[in-house]
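In what follows, a structure is listed as structure tokens, so that the remarks can point back to it.
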There are 2 protein chains.
Amino acid sequence: MDFVALKNKYEKIKSESRKLDMSRGKPAPSQLDTVNELLFAISSGDECILPSGVDCRNYGGIDGIPQMKSLFAQILGMEEKEIIVGGNSSLTMMYDTVARAMFFGACEGSKPWSKCEKISFLCPVPGYDRHFAISEAFGMNMINVPYKEDGPDMDFIEKAVAEDESIKGIWCVPKYSNPTGITYSDEVVRRFAALKPKAKDFRVFWDNAYVVHDLFDGGDSLLNVFDEAKKQGNEDMFYIFASTSKISFAGSGIAVFASSKKNVDHALSYMKYQTIGPDKMNQLRHAKLFPNIDSIMVQMEKHAELIRPKFLAVLEAFEKELSDVEGVWWSKPKGGYFISLNLPKGKAKLVVSLAKEAGLALTPAGASFPYGKDPDDTNIRISPTYPTLDELKQALELLCTVVKLVCHKDFE
Amino acid sequence: MDFVALKNKYEKIKSESRKLDMSRGKPAPSQLDTVNELLFAISSGDECILPSGVDCRNYGGIDGIPQMKSLFAQILGMEEKEIIVGGNSSLTMMYDTVARAMFFGACEGSKPWSKCEKISFLCPVPGYDRHFAISEAFGMNMINVPYKEDGPDMDFIEKAVAEDESIKGIWCVPKYSNPTGITYSDEVVRRFAALKPKAKDFRVFWDNAYVVHDLFDGGDSLLNVFDEAKKQGNEDMFYIFASTSKISFAGSGIAVFASSKKNVDHALSYMKYQTIGPDKMNQLRHAKLFPNIDSIMVQMEKHAELIRPKFLAVLEAFEKELSDVEGVWWSKPKGGYFISLNLPKGKAKLVVSLAKEAGLALTPAGASFPYGKDPDDTNIRISPTYPTLDELKQALELLCTVVKLVCHKDFE
């Protein structure tokens with residue numbers, strides 16, 4: 001299509017006052033409907049009493065109910081004693097874990113991070129904006145780590161943590177990474193497990209948010225980092241997080257923190273000041289609906305059936321419309337919530353802004369980078385799950401038009 | 001009863017291997033049963049959509065749903081814009097509020113408390129152990145404030161906050177105070193509202209945990225501190241907390257933080273790093289069951305009917321058994337969860353220990369004081385709600401026997 005035709009098409013779409021939103025990785029209402037049974041999971045007061053005698057309606061049980069520990073142990077391939085089952089948000093568990101390390105130190109006898117002159121965190125980019133926001137809130141120095149095809153650049157990471165004692169942590173989404181869709185290879189996982197950081201209280205924040213979130217046959221498999229870490233005697237180095245937010249209700253799921261028994265005990269010794277215990281009733285609802293990993297996999301197939309056509313629509317549109325546009329490429333993930341669209345240098349902000357003017361909200365360009373700054377201004381995070389398929393197709397028509405427009409040689 | 005008879009009675013009870021627990025202020029299962037309707041409060045996915053279009057199952061809404069803001073506004077006598085509705089624990093909201101002030105400062109432009117050389121908190125004693133534990137966790141200097149009949153000693157407080165800039169806060173339970181049962185008089189509330197602290201970021205942590213928790217006719221009424229504070233231009237000085245933990249399910253209730261709009265906005269500007277939002281489904285369940293303050297009062301009468309006989313049993317037993325024992329006196333609260341038993345100096349630990357040996361768990365002596373230290377070793381917190389009436393009567397027989405024993409002139 002020539003430049004004038006593209007411009008006309010853009011103006012025409014703009015005149016239609018579309019209102020489309022692909023800005024956040026939210027499940028669609030139809031996905032939430034697949035788990036409405038949660039509303040009726042507990043049908044009497046008697047059912048609130050666990051075999052142990054614990055009344056889920058009452059106070060107590062700071063580390064969560066055994067049924068949910070067992071479920072997360074199966075999901076994560078860990079032991080129940082390595083697990084703390086929390087409230088509705090793994091982000092809160094991550095923030096609180098950082099806050100505890102800041103105030104009280106990451107382990108017995110170690111210096112609180114807030115007492116250190118400088119705290120640095122490694123940030124594989126592009127990554128999850130809310131991870132970076134936590135580091136920014138606590139005034140950390142964030143260091144961008146480039147991605148390779150099979151995960152973050154391990155040469156870079158090994159060297160950095162070995163040399164720089166100010167580096168206390170790294171943010172990882174090891175499976176269907178937000179937003180690249182990359183799953184860390186076995187070699188990358190093994191190299192993580194074998195890291196030899198200069199800072200003895202260095203911690204890997206392993207946010208396994210998409211642990212069971214396959215969309216296509218032959219989904220990626222992620223090596224169990226905790227097993228590998230144990231082989232190296234490095235299990236205290238890993239803080240592992242997950243949740244049911246994208247399994248059950250996004251805002252009312254169950255989050256988990258998992259680590260070595262030593263780290264779990266250390267966390268609990270400070271969590272007791274913050275809470276008498278999580279909402280055990282919501283844990284019980286989940287335990288009733290999902291008694292084991294098999295029931296989780298059945299549920300995830302329901303999500304996949306709804307999300308898959310949306311991912312396919314994005315990939316097909318990009319393939320059809322953008323494969324000839326020089327310097328444009330995108331991820332083709334087998335699961336997760338995002339597709340990562342990469343443009344020629346200096347084009348991402350412009351695309352987001354022109355899309356917005358014509359009625360499509362995208363994740364702000366740069367959001368997937370520390371301080372909101374994409375150094376090359378190339379990356380856009382595509383979140384196809386929330387809109388309906390019809391809305392998505394309208395959004396894609398608009399997005400592809402904008403991309404082709406700003407990448408056209410005649411565009412000034 | 002003579003000393004030998006008392007001793008024999010104690011030994012006899014001990015030989016019966018009773019297992020009784022009055023250690024914590026937990027609601028009884030029968031109380032929890034009064035609110036089992038919460039299990040069925042939402043009966044379809046459609047009901048999860050608010051009139052505003054918000055889907056309670058999905059992410060978002062960091063300050064809570066409007067329905068719950070409205071309910072808490074009625075309960076606290078405040079405006080909806082002054083309210084943040086949280087998760088299942090007001091303790092968590094208090095801890096997080098302290099943690100934010102430690103890290104980020106209590107308001108825009110103020111120094112983080114953790115950067116101050118010394119932080120002190122005033123602690124009216126006896127008080128709530130978990131308040132003091134938060135202060136202790138953050139390394140604060142705690143200053144005991146004596147109680148008078150109508151609240152904490154305001155002369156002491158006014159002088160202390162006016163002179164000592166290190167004093168950044170005070171812990172208050174203004175109605176049916178834990179454990180004294182005292183409700184602050186209008187004069188005390190007005191003096192709080194008019195405090196002129198040297199530290200401009202001094203904050204009153206006003207934990208109105210028992211705001212609607214009357215047990216007897218002619219329950220205490222507490223003046224609205226926030227109205228009074230507004231008259232003085234002092235509304236930024238108050239952090240107000242409450243929850244439905246002792247209205248609905250203890251471990252799965254809804255907590256609230258309320259303050260000036262300025263403080264609410266400041267809190268939200270940091271809470272956004274910690275959470276995408278609270279569990280709106282549980283908020284919706286509560287909003288459906290309790291659409292207004294009237295429905296709350298009906299619910300509280302159900303609790304009162306169950307708790308009242310227990311409080312009466314304690315008061316009758318104390319009256320009958322202990323009124324002649326010199327130096328022993330107790331509170332006679334019209335609501336709340338506790339009765340405060342005061343013994344001659346140096347006797348509290350002993351009573352708790354002998355009671356434990358004979359099968360009755362009480363709150364540890366000293367627990368109601370900073371650092372767990374009751375300087376006079378006189379106070380015991382009595383929590384009559386959890387045991388059944390039968391168990392309570394057995395516990396009281398044992399407790400009164402122990403008190404009479406250790407207060408007997410022949411006891412060495």
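Starting from 1 in every chain, residues are counted up; chains themselves are A, B, ... following the order of the structure tokens, and ligands are numbered from 1 as listed.
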
Q.
Report as a PyMOL selection string all protein, DNA and RNA residues lying within 8 Å of region 339-352 of chain A, evaluated on only C-alpha atoms, omitting residues in the same chain fewer than 3 positions from it.
A. chain A and resi 179-181+311+326-333+355-356+361-366+376-384+399+402-403+406-407

Q. Which residues come within 10 Å of Phe103 (chain A), counting only C-alpha atoms, excluding same-chain residues fewer than 3 positions away, as JSON, numbers by chain?
A. {"A": [98, 99, 100, 106, 111, 112, 113, 114, 115], "B": [99, 102, 103, 114, 137, 138]}

Q. When the cut-off is 8 Å and we count only C-alpha atoms, which residues of chain B are near chain A, given as number ranges by chain?
A. B: 26-27, 29, 32-33, 36, 39-40, 42-45, 55-60, 88-89, 91-92, 95-96, 103, 130, 133-134, 137-138, 249-252, 270, 273-281

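Here the residues within region 206-268 of chain A that DSSP labels helix (DSSP H, G or I) on the basis of the backbone are A:Val225, A:Phe226, A:Asp227, A:Glu228, A:Ala229, A:Lys230, A:Lys231, A:Glu235, A:Asp236, A:Met237, A:Lys261, A:Lys262, A:Asn263, A:Val264, A:Asp265, A:His266, A:Ala267, A:Leu268.
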
Q.
For the structure I just gave you, how does DSSP split region 107-144 of chain B - specifically, which residues are strand (DSSP E)? Reply as number ranges by chain.
A. B: 120-125, 141-144

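Reported to one decimal place, the separation of CA of Trp206 (chain A) from CA of Ile157 (chain A) is 14.7 Å.
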
Quick one: residues within 6 Å of Lys14 (chain B), only C-alpha atoms, excluding same-chain residues fewer than 3 positions away - as a PDB file with N, CA and C atoms, in the first residue's frame?
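Final file, around-v5.pdb:
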ATOM      1  N   GLU B  11      -5.058 -28.695  93.360  1.00  0.00           N
ATOM      2  CA  GLU B  11      -4.458 -29.986  92.984  1.00  0.00           C
ATOM      3  C   GLU B  11      -5.505 -30.916  92.370  1.00  0.00           C
ATOM      4  N   SER B  17      -6.813 -32.956  84.389  1.00  0.00           N
ATOM      5  CA  SER B  17      -6.265 -32.733  83.030  1.00  0.00           C
ATOM      6  C   SER B  17      -7.208 -31.940  82.126  1.00  0.00           C
ATOM      7  N   ALA B 358      -2.262 -26.322  85.353  1.00  0.00           N
ATOM      8  CA  ALA B 358      -3.502 -27.056  85.643  1.00  0.00           C
ATOM      9  C   ALA B 358      -4.424 -27.141  84.426  1.00  0.00           C
TER      10      ALA B 358
END

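Between CA of Ala194 (chain B) and CA of Glu158 (chain B) the separation is 9.2 Å.
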
Q | Computed interatomic separation between CA of Cys123 (chain A) and CA of Cys172 (chain A) (Å) | A | 7.8 Å

Q) Excluding same-chain residues fewer than 2 positions from Lys148 (chain A), what lies within 12 Å of it counting only C-alpha atoms, as JSON, numbers by chain? A) {"A": [124, 125, 126, 145, 146, 150, 151, 152, 153, 154, 155, 156, 180, 181, 182, 183, 184, 185, 188]}

May I have the residues from that selection written out with N, CA and C atoms, as an mmCIF file, in the first residue's frame?
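So selection02.cif came out as:
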data_model
loop_
_atom_site.group_PDB
_atom_site.id
_atom_site.type_symbol
_atom_site.label_atom_id
_atom_site.label_comp_id
_atom_site.auth_asym_id
_atom_site.auth_seq_id
_atom_site.Cartn_x
_atom_site.Cartn_y
_atom_site.Cartn_z
ATOM 1 N N PRO A 124 16.590 -8.171 33.457
ATOM 2 C CA PRO A 124 16.527 -8.604 32.060
ATOM 3 C C PRO A 124 15.450 -7.800 31.344
ATOM 4 N N VAL A 125 15.805 -7.249 30.177
ATOM 5 C CA VAL A 125 14.863 -6.386 29.456
ATOM 6 C C VAL A 125 14.628 -6.874 28.028
ATOM 7 N N PRO A 126 13.406 -6.656 27.528
ATOM 8 C CA PRO A 126 12.253 -6.111 28.238
ATOM 9 C C PRO A 126 11.721 -7.087 29.285
ATOM 10 N N VAL A 145 19.796 -6.041 31.649
ATOM 11 C CA VAL A 145 20.487 -7.233 31.155
ATOM 12 C C VAL A 145 19.841 -7.604 29.824
ATOM 13 N N PRO A 146 20.659 -7.744 28.755
ATOM 14 C CA PRO A 146 20.049 -8.091 27.462
ATOM 15 C C PRO A 146 19.537 -9.532 27.436
ATOM 16 N N ASP A 150 17.417 -17.776 24.404
ATOM 17 C CA ASP A 150 16.990 -18.786 25.380
ATOM 18 C C ASP A 150 17.033 -18.259 26.819
ATOM 19 N N GLY A 151 16.913 -16.947 26.938
ATOM 20 C CA GLY A 151 16.910 -16.378 28.290
ATOM 21 C C GLY A 151 17.863 -15.209 28.376
ATOM 22 N N PRO A 152 17.992 -14.646 29.597
ATOM 23 C CA PRO A 152 18.897 -13.499 29.737
ATOM 24 C C PRO A 152 20.351 -13.898 29.482
ATOM 25 N N ASP A 153 21.153 -12.936 29.161
ATOM 26 C CA ASP A 153 22.564 -13.158 28.827
ATOM 27 C C ASP A 153 23.323 -13.612 30.075
ATOM 28 N N MET A 154 23.600 -14.926 30.146
ATOM 29 C CA MET A 154 24.190 -15.478 31.365
ATOM 30 C C MET A 154 25.650 -15.081 31.543
ATOM 31 N N ASP A 155 26.370 -14.860 30.442
ATOM 32 C CA ASP A 155 27.755 -14.384 30.579
ATOM 33 C C ASP A 155 27.759 -13.063 31.337
ATOM 34 N N PHE A 156 26.851 -12.180 30.920
ATOM 35 C CA PHE A 156 26.719 -10.866 31.551
ATOM 36 C C PHE A 156 26.394 -11.019 33.042
ATOM 37 N N THR A 180 8.570 -11.049 26.535
ATOM 38 C CA THR A 180 9.234 -11.665 25.368
ATOM 39 C C THR A 180 8.671 -13.023 24.981
ATOM 40 N N GLY A 181 7.992 -13.693 25.951
ATOM 41 C CA GLY A 181 7.482 -15.030 25.674
ATOM 42 C C GLY A 181 8.545 -16.111 25.756
ATOM 43 N N ILE A 182 9.784 -15.686 26.046
ATOM 44 C CA ILE A 182 10.892 -16.645 26.105
ATOM 45 C C ILE A 182 10.800 -17.528 27.350
ATOM 46 N N THR A 183 11.095 -18.820 27.179
ATOM 47 C CA THR A 183 11.271 -19.718 28.316
ATOM 48 C C THR A 183 12.752 -20.035 28.437
ATOM 49 N N TYR A 184 13.279 -19.907 29.656
ATOM 50 C CA TYR A 184 14.711 -20.125 29.860
ATOM 51 C C TYR A 184 15.076 -21.568 29.497
ATOM 52 N N SER A 185 16.176 -21.744 28.766
ATOM 53 C CA SER A 185 16.640 -23.083 28.395
ATOM 54 C C SER A 185 17.211 -23.799 29.614
ATOM 55 N N VAL A 188 20.437 -22.272 30.673
ATOM 56 C CA VAL A 188 20.281 -21.003 31.398
ATOM 57 C C VAL A 188 19.870 -21.272 32.847
#

Q. From the list A:His266, A:Lys9, A:Lys159, A:His213, which residue is nearest Gly336 (chain A) when using only C-alpha atoms?
A. A:His213

Would you list the contacts of Glu235 (chain A) as a PDB file with all heavy atoms, in the first residue's frame, taking every protein, DNA or RNA residue within 6 Å and counting only C-alpha atoms, but skipping same-chain residues closer than 4 positions in sequence?
ATOM      1  N   ALA A 229      19.386 -25.971  42.030  1.00  0.00           N
ATOM      2  CA  ALA A 229      20.051 -25.163  43.066  1.00  0.00           C
ATOM      3  C   ALA A 229      20.480 -26.033  44.237  1.00  0.00           C
ATOM      4  O   ALA A 229      21.556 -25.839  44.813  1.00  0.00           O
ATOM      5  CB  ALA A 229      19.124 -24.052  43.534  1.00  0.00           C
ATOM      6  N   LYS A 230      19.634 -26.997  44.588  1.00  0.00           N
ATOM      7  CA  LYS A 230      19.985 -27.903  45.697  1.00  0.00           C
ATOM      8  C   LYS A 230      21.264 -28.680  45.385  1.00  0.00           C
ATOM      9  O   LYS A 230      22.093 -28.885  46.272  1.00  0.00           O
ATOM     10  CB  LYS A 230      18.832 -28.873  45.981  1.00  0.00           C
ATOM     11  CG  LYS A 230      17.730 -28.265  46.852  1.00  0.00           C
ATOM     12  CD  LYS A 230      16.611 -29.273  47.122  1.00  0.00           C
ATOM     13  CE  LYS A 230      15.604 -28.684  48.107  1.00  0.00           C
ATOM     14  NZ  LYS A 230      14.388 -29.513  48.220  1.00  0.00           N
ATOM     15  N   SER A 260      13.890 -22.104  50.263  1.00  0.00           N
ATOM     16  CA  SER A 260      14.436 -23.093  51.184  1.00  0.00           C
ATOM     17  C   SER A 260      13.694 -23.004  52.511  1.00  0.00           C
ATOM     18  O   SER A 260      13.150 -21.963  52.861  1.00  0.00           O
ATOM     19  CB  SER A 260      15.920 -22.817  51.416  1.00  0.00           C
ATOM     20  OG  SER A 260      16.083 -21.569  52.091  1.00  0.00           O
TER      21      SER A 260
END

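Once Gly335 (chain A) and its same-chain neighbours fewer than 4 positions away are set aside, Tyr176, Gly181, Tyr210, His213, Asp214, Leu215, Phe216, Gly219 and Asp220 of chain A remain within 8 Å of it when counting only C-alpha atoms.
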
Q: Quick one: everything within 12 Å of Lys320 (chain B), counting only C-alpha atoms, minus sequence neighbours fewer than 4 positions away in the same chain. Send it as number ranges by chain.
A: B: 312-316, 324-325, 396-397, 400-401, 404

Those residues with C-alpha atoms, as a PDB file, in the first residue's frame please?
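Below is the file that was written, part-v4.pdb:
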ATOM      1  CA  LEU B 312     -21.611 -12.178  82.539  1.00  0.00           C
ATOM      2  CA  ALA B 313     -20.161 -15.520  83.610  1.00  0.00           C
ATOM      3  CA  VAL B 314     -16.747 -13.917  84.079  1.00  0.00           C
ATOM      4  CA  LEU B 315     -18.099 -10.913  85.937  1.00  0.00           C
ATOM      5  CA  GLU B 316     -20.294 -13.069  88.180  1.00  0.00           C
ATOM      6  CA  ASP B 324     -13.028 -10.116  98.939  1.00  0.00           C
ATOM      7  CA  VAL B 325      -9.469 -10.664  97.756  1.00  0.00           C
ATOM      8  CA  LEU B 396     -13.160 -19.534  85.715  1.00  0.00           C
ATOM      9  CA  GLU B 397     -13.327 -22.021  88.567  1.00  0.00           C
ATOM     10  CA  CYS B 400     -10.379 -17.934  90.602  1.00  0.00           C
ATOM     11  CA  THR B 401      -8.896 -20.770  92.635  1.00  0.00           C
ATOM     12  CA  LYS B 404      -7.178 -16.816  95.618  1.00  0.00           C
TER      13      LYS B 404
END

(Q) Let me make sure I understand: among A:Met78, A:Ile170, A:Ala304, A:Val212, which one has the smallest atom-to-atom distance to Ser259 (chain A) if we use only C-alpha atoms? (A) A:Met78
